[in-house]
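Q: Submitted below is the structure of interest, expressed as structure tokens.
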Amino acid sequence: MADSSSSSPLAGLIKSPSLMALAAIVAAAAVFLVLQAANDPYTFLQALMKSFGLGAVYALIALGFVLIFKATQVVNFAQGALAMSGALFVSFMVSDGHIPFTTIRNPLVDMSPSWLGWFLSVLVALAVAAILGLIIERLTIRPMVGEPLFSVAVLTLGLEIFLRVFNNDAVKIEFRSLEVPWGVDGFNIGEAFVSWSYIAAMITAAVAFVAVFFFYRSRMGIAMRAVAYDQEAAMAQGINVGRVFAIAWAAGAVLAAIGGIFATQPPVAQTGAVQVETQLIAFRTLPAVILGGLDSVQGALIGGLIIGFAEIMAGQYASGQTDILGAGYPLIVPYVVMIIGLLIRPYGLFGTPEIRRV
Amino acid sequence: MFRRPNLYTSYEAENQIFPTWTQRGLAALAIIILLLMPFDVPVISQIPIVRFLGDSNWLRPVATMFIILVGALGFNLLAGVAGQVSLGHAFFMGAGAYTAAFLGGEGTDAVYGLGLPIWIWLPGAGVGAALVGMIIAPVAVKLRGLYLAIVTLGLVFIGIHMGNTSWGKKFAGDPGLGRSFPTFDIRLWKEEEPLLLMDDDSKWLWFEVSDSQKTYFFTLVIAIIALLVAKNLARSKTGRALQAIRDRDIAAEVMGVSEFRYKLIAFAVSSFFAGVSGAMFASLAGKLPAIQWNLFLSVEFVAIILIGGAGTVAGTVMGTVFVILLPLMIEELTIWLSEQIDQGGLFSPVANFLLTEGPDDFGPISIATQTPGWPLNVFDWNIALYGLLIIVFLIFEPLGLYGIWISIRNYWKGWPFSY
């Protein structure tokens, strides 16, 4: 049932009037942006850097979704709760100076220089997040091997609700600062302000994608790809599917936690602290995952960047119409882009079309 | 076939709503009990639900339950029978609620409202939501499985956001406060004196009927109609076609079941139910902000279907009763436990273990409504319990409460043999 996706996309473009209309709209938007950039380059540059920062955060969290989906065929709806839990672990480690869930003073925070202590503390917090991912996988996902995929996805929705209660409880009274060393400062390129956190997000995303790229070429990564391709066949070849699941969930939880740290920073939030809205980052990222294709690593990157670009540019250049579009309309742009994208390519830009058999 | 209830001689006989006389009797008994429950009838008013949720307070939660049941039946048709799992049910409920508000609400400078009577706005809410569903359906037909779930999840966010726009505010009112929705009053047209006023007490035959009792009866009637429609739809040609699409869509198309046509029907009918349910939900609440139609509401329906048993009307009913009344039961239980501590009752050790009253008490449930830190209050525990129940049912009993009921029934059917 591979419909138009098998033929050349260009040929499909010429055939379909709706695609032509869409291409015309995209072209018009591009011309508009080029004109704006020529007119006021610094505003455009500032928006562009912001969009790359946001795109990097989206790409990071999307990578977590994709890693888990590729190994276990499950969309992990609990990614947002995991992101917030991870950010909270970081906060417990660095802000209170306590080791999570204890009253023992964290020696890493007192290390000088302070950024070193912060990074080491974050590493420990990420390890705790990985353990949380492992526990969740062992208790809830492993018993569901062989069950319908949708049941497992709904199960992660249950997880999201369950974890969310405890996450919200931690920030109910006050936001929890992460005390990131780069703070909310930035630097200026001409008149364009660039926050350090954009740069940090971009670097982290680059490192994460390169790491995943090499991981998929390692022995474990090949095993993971084999499991993604066919669980039973992989099992028959002696691959430990359970271990693959565990590693995917641990990695997914770590990526979620890193994304959770950046979800407290500009451009996602301005406070630099964990708050109730932090866990919404995963639902904001879902359009990027879907647009790129659920099972594609490069799709996560490109989907994230496209969604980030669309969101920031719409926020920058359509703000005159806020009355009609409604306050906070940039947050809706990803969903609109996703729905339009899916109408054209039902499995995302880089996703593998599902082969349906009778 | 009086003595051989399971011997069916025709498809029609097997396909009846209540194939055996026992089931017919039980159904009749259930309806009689439901009709008499609000009154002070000797035995019936001693039923635990009535007593446990408080003598006069229970009517409103149960009315809410009936309303949610209407929506859950629609969701069951889409997700359980047709297998199209959508997370956008809250969006369709909202669409119905604002159609109802537009048709039946009071128009002011800030919001639209035509002030039409209930026999227009209640079906109108369903039709409005069904139209929205039919707009969504062509998109949904192209998408499979989780892609559909995520797109409909996007719909929920887009829907809530519409309440922020200048034109959306005309329907939804202020984003923070919401708008007031039409009441259940039954009028012929826009006359001042309604045929039936819902919010005061009156006398029917020899019964004194209070306002909440009237609301209870109204929602009960709508719920029973919805049950009949859902059950009949599920066992008709349409229902079989939807099941065929759920089980093997390509095979269904080979057999001549048009996938597009039946998915469109599924979305339209499911949204109709959702719209009616949403309109009544909003009407019962009186005033709701647009943020009320959020993902949590959608997930509530998913929980109902999964806990009850996907694809069955009986399971949907069980799931709704369980999911909607369980939180209230737990609240009442907590109150009862704290009373046990105060009075030093039989269960005070249990209560001492479970509840946290002072700062040095490590029970998991806190009595105070605003609690920072570990002992969560009852409301938080209820939400956590939702999530936990979804997980536990999916892992241990994928068929839900209906599956448990079937296995219990089969055990006693075969008793004393194990098969």
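By convention in this document, the chains of the structure tokens carry letters A, B, ... by their order, each chain's residues are numbered from 1, and ligands are numbered from 1 in the order they are shown.
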Gly173 (chain B): which residues within 8 Å, counting only C-alpha atoms, same-chain residues fewer than 5 positions away excluded, as a compact mmCIF listing (two decimals) with C-alpha atoms, in the first residue's frame?

A:
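Generated output (out-v2.txt):
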# COMPACT_ATOMS: atom_id res chain seq x y z
CA ALA B 110 -18.80 39.48 24.62
CA VAL B 111 -20.11 36.11 23.47
CA GLY B 163 -10.22 29.90 23.12
CA GLY B 168 -12.64 32.05 19.66
CA GLY B 178 -15.06 30.80 30.52
CA ARG B 179 -18.64 31.50 29.59
CA PRO B 289 -12.91 27.87 30.70

Q: Which residues are close to region 254-259 of chain A, i.e. within 7 Å by only C-alpha atoms, leaving aside same-chain residues fewer than 2 positions away? Reply as a ChimeraX atom specification.

A: /A:57,60-61,64,79,82-84,86-87,126,129-130,250-252,261-263

Q: Mind listing as an MDAnalysis selection string which residues of chain A are within 9 Å of chain B, counting only C-alpha atoms?

A: chainID A and resid 74:75 140:141 143:144 149:166 169:173 283 286:287 290 294 322:329 331:336 338:339 342:343 346:347 354 356:358

Q: Fewer than 3 positions away in the same chain doesn't count, so skip those; otherwise give me all residues within 10 Å of Gly308 (chain A), counting only C-alpha atoms, as a PyMOL selection string.

A: chain A and resi 48+50-59+285+288+302-305+311-314+330+333-334

Q: Which residue out of B:Leu122, B:Leu34, B:Ala137, B:Ile324 has the minimum interatomic distance to Ile265 (chain B) when only C-alpha atoms are used?

A: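 Counting only C-alpha atoms, the residue closest to Ile265 (chain B) is B:Ala137.
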
Q: As a ChimeraX atom specification, please: every residue in region 259-415 of chain B that DSSP puts in helix (DSSP H, G or I).

A: /B:259-285,290-292,295-308,313-343,348-354,378-396,400-414

Q: I'd like the contact shell of Gly186 (chain A) - 10 Å cut-off, only C-alpha atoms, skipping same-chain residues fewer than 5 positions apart - returned as a tab-separated table (two decimals) with N, CA, C and O atoms, in the first residue's frame.

A:
chain	number	residue	atom	x	y	z
A	193	PHE	N	20.93	39.84	20.01
A	193	PHE	CA	21.27	39.24	21.29
A	193	PHE	C	21.18	37.73	21.16
A	193	PHE	O	20.19	37.19	20.69
A	194	VAL	N	22.24	37.05	21.58
A	194	VAL	CA	22.26	35.60	21.53
A	194	VAL	C	22.52	35.09	22.95
A	194	VAL	O	23.53	35.42	23.55
A	195	SER	N	21.58	34.30	23.45
A	195	SER	CA	21.74	33.78	24.79
A	195	SER	C	22.73	32.62	24.77
A	195	SER	O	22.79	31.85	23.81
A	196	TRP	N	23.51	32.50	25.85
A	196	TRP	CA	24.47	31.39	25.91
A	196	TRP	C	23.77	30.05	25.88
A	196	TRP	O	24.32	29.06	25.41
A	197	SER	N	22.56	30.02	26.39
A	197	SER	CA	21.89	28.72	26.46
A	197	SER	C	21.55	28.20	25.06
A	197	SER	O	21.46	26.99	24.85
A	198	TYR	N	21.38	29.13	24.06
A	198	TYR	CA	21.17	28.64	22.69
A	198	TYR	C	22.40	27.85	22.26
A	198	TYR	O	22.30	26.76	21.70
A	199	ILE	N	23.57	28.48	22.53
A	199	ILE	CA	24.83	27.85	22.11
A	199	ILE	C	24.99	26.51	22.83
A	199	ILE	O	25.34	25.49	22.23

Q: Residues of region 98-291 of chain B in strand (DSSP E) according to DSSP, as a PyMOL selection string?

A: chain B and resi 179-180+202-204+207-209+287-288

Q: With a distance cut-off of 10 Å and only C-alpha atoms, select the neighbouring residues of Phe350 (chain A), excluding the residue or stretch itself and same-chain residues fewer than 4 positions from it, and output the selection as a list of chain:residue names.

A: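 My reading of the contact set: A:Ile290, A:Leu291, A:Gly292, A:Gly293, A:Leu294, A:Asp295, A:Ser296, A:Val297, A:Gln298, A:Gly299, A:Ala300, A:Ile302, A:Gly303, A:Arg345.
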
Q: Quick one: write out the picked residues with C-alpha atoms as a CSV table (one decimal), in the first residue's frame?

A:
chain,number,residue,atom,x,y,z
A,290,ILE,CA,6.3,13.1,13.9
A,291,LEU,CA,7.3,15.5,11.2
A,292,GLY,CA,10.8,14.0,11.0
A,293,GLY,CA,9.5,10.4,11.1
A,294,LEU,CA,9.1,8.4,14.3
A,295,ASP,CA,12.0,6.0,13.4
A,296,SER,CA,14.5,8.3,11.9
A,297,VAL,CA,17.5,9.9,13.7
A,298,GLN,CA,18.2,12.5,11.0
A,299,GLY,CA,14.4,13.1,11.0
A,300,ALA,CA,14.6,14.0,14.7
A,302,ILE,CA,15.7,18.1,10.8
A,303,GLY,CA,12.2,17.9,12.2
A,345,ARG,CA,3.8,12.4,4.0

Q: Excluding Asp199 (chain B) and any residue of its chain fewer than 6 positions from it, enumerate the residues within 9 Å of it, using only C-alpha atoms, and give them as an mmCIF file with C-alpha atoms, in the first residue's frame.

A:
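Result went into selection38.cif, see below:
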data_model
loop_
_atom_site.group_PDB
_atom_site.id
_atom_site.type_symbol
_atom_site.label_atom_id
_atom_site.label_comp_id
_atom_site.auth_asym_id
_atom_site.auth_seq_id
_atom_site.Cartn_x
_atom_site.Cartn_y
_atom_site.Cartn_z
ATOM 1 C CA THR B 183 -29.154 25.033 31.458
ATOM 2 C CA PHE B 184 -31.200 21.854 31.092
ATOM 3 C CA ASP B 185 -34.507 23.747 31.266
ATOM 4 C CA SER B 210 -35.486 18.401 43.977
ATOM 5 C CA ASP B 211 -33.374 20.108 41.307
ATOM 6 C CA SER B 212 -30.504 17.633 41.504
ATOM 7 C CA LYS B 214 -34.363 16.204 38.074
ATOM 8 C CA THR B 215 -30.849 16.552 36.635
#

Q: List the neighbours of Ala97 (chain B) out to 12 Å using only C-alpha atoms; skip same-chain residues closer than 3 positions along the sequence, and give me the result as a short mmCIF file (atom, residue, chain, number, x, y, z; two decimals) with C-alpha atoms, in the first residue's frame.

A:
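Dumped everything to out_10.cif:
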data_model
loop_
_atom_site.label_atom_id
_atom_site.label_comp_id
_atom_site.auth_asym_id
_atom_site.auth_seq_id
_atom_site.Cartn_x
_atom_site.Cartn_y
_atom_site.Cartn_z
CA ALA B 90 -11.77 16.20 24.67
CA PHE B 91 -11.49 18.37 21.57
CA PHE B 92 -14.74 16.96 20.18
CA MET B 93 -16.43 17.40 23.55
CA GLY B 94 -15.34 21.01 23.51
CA ALA B 100 -24.39 24.19 22.45
CA ALA B 101 -23.30 27.48 23.95
CA PHE B 102 -23.70 29.19 20.59
CA LEU B 103 -27.15 27.72 19.98
CA GLY B 104 -28.55 27.76 23.47
CA GLY B 105 -26.52 30.25 25.46
CA TRP B 121 -29.01 22.81 21.28
CA LEU B 122 -28.49 19.31 22.61
CA PRO B 123 -28.78 17.50 19.25
CA GLY B 124 -27.14 20.55 17.68
CA ALA B 125 -24.11 20.06 19.89
CA GLY B 126 -23.83 16.50 18.65
CA VAL B 127 -24.24 17.53 15.02
CA GLY B 128 -21.70 20.33 15.37
CA ALA B 129 -19.14 17.99 16.88
CA PHE B 171 -17.67 31.39 21.51
CA ALA B 172 -15.67 30.44 24.58
CA GLY B 178 -15.06 30.80 30.52
CA ARG B 179 -18.64 31.50 29.59
CA SER B 180 -21.90 30.33 31.02
CA PHE B 181 -23.58 27.45 29.23
CA PRO B 182 -27.31 26.86 28.70
CA THR B 183 -29.15 25.03 31.46
CA SER B 271 -17.93 12.87 17.79
CA PHE B 272 -21.72 13.11 17.98
CA PHE B 273 -21.65 11.27 21.30
CA ALA B 274 -18.72 13.39 22.44
CA GLY B 275 -20.52 16.57 21.48
CA VAL B 276 -23.69 15.67 23.37
CA SER B 277 -21.61 14.62 26.33
CA GLY B 278 -19.53 17.79 26.22
CA ALA B 279 -22.58 20.02 25.99
CA MET B 280 -24.19 18.34 28.99
CA PHE B 281 -20.93 18.34 30.91
CA ALA B 282 -20.55 22.07 30.38
CA SER B 283 -24.21 22.66 31.13
CA LEU B 284 -23.96 20.80 34.41
CA ALA B 285 -20.81 22.72 35.35
CA GLY B 286 -22.50 26.00 34.43
CA LYS B 287 -19.31 27.86 33.59
CA LEU B 288 -16.11 26.42 32.16
CA PRO B 289 -12.91 27.87 30.70
CA ALA B 290 -11.64 26.44 27.42
CA GLN B 292 -11.07 22.36 30.66
CA TRP B 293 -11.10 20.40 27.38
#

Q: Point out the residue among B:Val62, B:Val313, B:Ile17, B:Leu233 with the least atom-to-atom distance to Met329 (chain B), counting only C-alpha atoms.

A: B:Val62
